[in-house]
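Undergrad: What follows is a single structure, and I will ask about it in a moment.
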Amino acid sequence: MLRSMYSGVSGMRGFQTKLDVIGNNIANVNTVGFKAGRVMFKDILSQSMSGVTASVEGEQGGVNAKQIGLGVTVAAIDTLHTPGSAMTTSKPTDLRIDGDGFFAVSPGGDGETMYLTRAGNFDLDANRQLVNADGMFVLDSGGGIIQLDAEVTAFSISQTGEIIAIGADGLAEPTGIFIAVTVVSNPGGLEKVGGNLYRMTPNANPEGELELGQAADPETGSGSIISGQLEMSNVDLTNEFTEMIVAQRGFQSNSRIITTSDEILQEVVNLKR
């Protein structure tokens, strides 16, 4: 069987994966805190027809190896953690991290099962607990649930993530509660679990450890928290549609390789006639 046919099949599979990633990026162009993905390719092991011949000075010249590539495969599907544009909502519980870091949320509020997110569309539930859109608790820097007292009539959130309470008397008073912001050494190593959430992995932080800190911390390099704004998706539609054209043409070209290889095999079969 011709090698070109298998190379064409591998190329079609690779560009199909690329189109899958592009489609997901475009679908999430308006998803809060979404980070776009990209596909990187690498060639498959080449088949050597002949090896290298060493050169001998003044006696023999060197000859390069003769190798035939066997196609392409996916090298990596990266998540691009570049910042998205800011959307002003003027809602106090809508938060955006200006810089590095993630919010920490927990479904049980115990801190044992924690997820990371850049989507800061939070709200207060009936018990005045700060939760995300799925009802997960937003954690403070100590790993606890953030809950406001009933006498707090209004509040604001500083750039360090501290909640400033305003009582019935109209006086502002710091609560000492800081919204947790954690910095990850390798954000690309986080695992997507859906719902704008990421799970910690051993390739994101050493041994998969997750340490909660504060915003605008010069020691960890965490970004500031901006209240009243949301971070939108970092998907660039111009780039995505351009890559879609490239993937489409690549898919068509590889399909033509398969068609041509099939025609050649048909000619071989017809030799017996």
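The way I read the labels, and the way they are meant: chains A, B, ... in the order of the structure tokens, residue 1 as the first residue of every chain, and ligand 1 as the first ligand shown, with later ones counted on from there.
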Find the residues around segment 233-247 of chain A up to 12 Å (only C-alpha atoms counted), leave out those fewer than 6 positions away in its own chain, and share them as number ranges by chain.
TA: A: 11-39, 79-87, 118-119, 196, 253-254
Undergrad: According to DSSP computed on the backbone, where in segment 10-188 of chain A is there strand (DSSP E)? Give the residues as a count of residues only.
TA: 61
Undergrad: So that I can check the surroundings of Gly208 of chain A, please list as a compact mmCIF listing (two decimals) with C-alpha atoms, in the first residue's frame every protein, DNA and RNA residue that reaches within 12 Å of it, counting only C-alpha atoms and ignoring chain neighbours fewer than 3 positions away.
TA:
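The result, stored in out08.txt:
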```
# COMPACT_ATOMS: atom_id res chain seq x y z
CA MET A 114 -11.48 23.22 44.92
CA VAL A 184 -0.42 28.89 39.10
CA SER A 185 3.12 28.24 37.88
CA ASN A 186 1.98 26.67 34.60
CA PRO A 187 -1.63 27.68 33.78
CA GLY A 189 -1.18 22.50 32.78
CA LEU A 190 -4.62 23.02 34.33
CA GLU A 191 -7.35 20.58 33.33
CA ARG A 199 -8.73 21.43 38.10
CA MET A 200 -5.23 21.49 39.56
CA THR A 201 -2.77 18.95 38.13
CA PRO A 202 0.83 17.99 39.01
CA ASN A 203 2.01 19.79 35.84
CA ALA A 204 0.35 23.07 36.83
CA ASN A 205 1.97 23.37 40.26
CA GLU A 211 -2.17 27.60 47.85
```
Undergrad: Pick from A:Gly167, A:Thr259, A:Glu231, A:Leu271: nearest to Leu2 of chain A, with only C-alpha atoms counted?
TA: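 Closest residue, counting only C-alpha atoms: A:Thr259.
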Undergrad: Taking the chain letters and numbering used in this document, name the residues of segment 15-227 of chain A that DSSP puts in alpha helix (DSSP H), as a list in words.
TA: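 The alpha helix (DSSP H) residues within segment 15-227 of chain A come out as Phe15, Gln16, Thr17, Lys18, Leu19, Asp20, Val21, Ile22, Gly23, Asn24, Asn25, Ile26 and Ala27 of chain A.
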Undergrad: Taking C-alpha atoms for each residue, export the selection above as an mmCIF file, in the first residue's frame.
TA:
```
data_model
loop_
_atom_site.group_PDB
_atom_site.id
_atom_site.type_symbol
_atom_site.label_atom_id
_atom_site.label_comp_id
_atom_site.auth_asym_id
_atom_site.auth_seq_id
_atom_site.Cartn_x
_atom_site.Cartn_y
_atom_site.Cartn_z
ATOM 1 C CA PHE A 15 -6.966 19.008 10.563
ATOM 2 C CA GLN A 16 -10.249 17.569 11.790
ATOM 3 C CA THR A 17 -8.947 17.966 15.349
ATOM 4 C CA LYS A 18 -7.878 21.512 14.512
ATOM 5 C CA LEU A 19 -11.367 22.300 13.222
ATOM 6 C CA ASP A 20 -12.854 20.841 16.420
ATOM 7 C CA VAL A 21 -10.755 23.216 18.530
ATOM 8 C CA ILE A 22 -11.546 26.196 16.304
ATOM 9 C CA GLY A 23 -15.263 25.405 16.491
ATOM 10 C CA ASN A 24 -15.099 25.308 20.286
ATOM 11 C CA ASN A 25 -13.256 28.643 20.360
ATOM 12 C CA ILE A 26 -15.843 30.346 18.152
ATOM 13 C CA ALA A 27 -18.717 28.840 20.153
#
```
Undergrad: Segment 56-131 of chain A near segment 140-156 of chain A within 8 Å: what's each residue's closest atom pair and its distance in Å to one decimal, counting only C-alpha atoms, ordered by chain then ascending residue number, as JSON lines?
TA:
```
{"residue": "A:Pro92", "atom": "CA", "partner": "A:Ser156", "partner_atom": "CA", "distance": 6.3}
{"residue": "A:Gly109", "atom": "CA", "partner": "A:Ile145", "partner_atom": "CA", "distance": 5.8}
{"residue": "A:Asp110", "atom": "CA", "partner": "A:Gly144", "partner_atom": "CA", "distance": 6.9}
{"residue": "A:Gly111", "atom": "CA", "partner": "A:Gly143", "partner_atom": "CA", "distance": 5.5}
{"residue": "A:Asn127", "atom": "CA", "partner": "A:Gln147", "partner_atom": "CA", "distance": 7.6}
{"residue": "A:Arg128", "atom": "CA", "partner": "A:Leu148", "partner_atom": "CA", "distance": 5.6}
{"residue": "A:Gln129", "atom": "CA", "partner": "A:Gln147", "partner_atom": "CA", "distance": 4.3}
{"residue": "A:Leu130", "atom": "CA", "partner": "A:Ile146", "partner_atom": "CA", "distance": 5.6}
```
Undergrad: Could those residues be written to a file, using N, CA and C atoms, as a PDB file, in the first residue's frame?
TA:
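part_9.pdb, freshly written:
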```
ATOM      1  N   PRO A  92     -21.353  45.130  41.877  1.00  0.00           N
ATOM      2  CA  PRO A  92     -20.243  44.959  42.832  1.00  0.00           C
ATOM      3  C   PRO A  92     -19.688  43.540  42.896  1.00  0.00           C
ATOM      4  N   GLY A 109     -17.736  23.972  49.969  1.00  0.00           N
ATOM      5  CA  GLY A 109     -17.300  25.037  50.854  1.00  0.00           C
ATOM      6  C   GLY A 109     -16.317  24.600  51.909  1.00  0.00           C
ATOM      7  N   ASP A 110     -15.869  23.329  51.856  1.00  0.00           N
ATOM      8  CA  ASP A 110     -14.943  22.837  52.867  1.00  0.00           C
ATOM      9  C   ASP A 110     -13.490  23.027  52.468  1.00  0.00           C
ATOM     10  N   GLY A 111     -13.247  23.408  51.228  1.00  0.00           N
ATOM     11  CA  GLY A 111     -11.884  23.625  50.761  1.00  0.00           C
ATOM     12  C   GLY A 111     -11.172  22.367  50.330  1.00  0.00           C
ATOM     13  N   ASN A 127     -28.662  33.167  51.791  1.00  0.00           N
ATOM     14  CA  ASN A 127     -27.962  33.251  53.069  1.00  0.00           C
ATOM     15  C   ASN A 127     -26.803  34.233  53.031  1.00  0.00           C
ATOM     16  N   ARG A 128     -26.791  35.096  51.991  1.00  0.00           N
ATOM     17  CA  ARG A 128     -25.770  36.139  51.831  1.00  0.00           C
ATOM     18  C   ARG A 128     -24.370  35.533  51.723  1.00  0.00           C
ATOM     19  N   GLN A 129     -24.292  34.392  51.067  1.00  0.00           N
ATOM     20  CA  GLN A 129     -23.017  33.750  50.782  1.00  0.00           C
ATOM     21  C   GLN A 129     -22.628  34.051  49.336  1.00  0.00           C
ATOM     22  N   LEU A 130     -21.339  34.314  49.126  1.00  0.00           N
ATOM     23  CA  LEU A 130     -20.861  34.642  47.784  1.00  0.00           C
ATOM     24  C   LEU A 130     -20.668  33.345  47.002  1.00  0.00           C
TER      25      LEU A 130
END
```
Undergrad: Write out as a ChimeraX atom specification each polymer residue whose atoms come within 10 Å of Gln214 of chain A, counting only C-alpha atoms; drop sequence neighbours fewer than 6 positions from it.
TA: /A:101,103,140-142,159-162,178-183,220-225
Undergrad: Which one is closest to Ala104 of chain A: A:Phe122, A:Tyr6, A:Thr88, A:Leu139? Count only C-alpha atoms.
TA: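 Looking only at the distances to Ala104 of chain A, the closest residue turns out to be A:Leu139.
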Undergrad: Would you please work out which residue, of A:Asp78, A:Leu210, A:Lys192, A:Ile44, is nearest to Thr113 of chain A when using only C-alpha atoms?
TA: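 Closest residue, counting only C-alpha atoms: A:Leu210.
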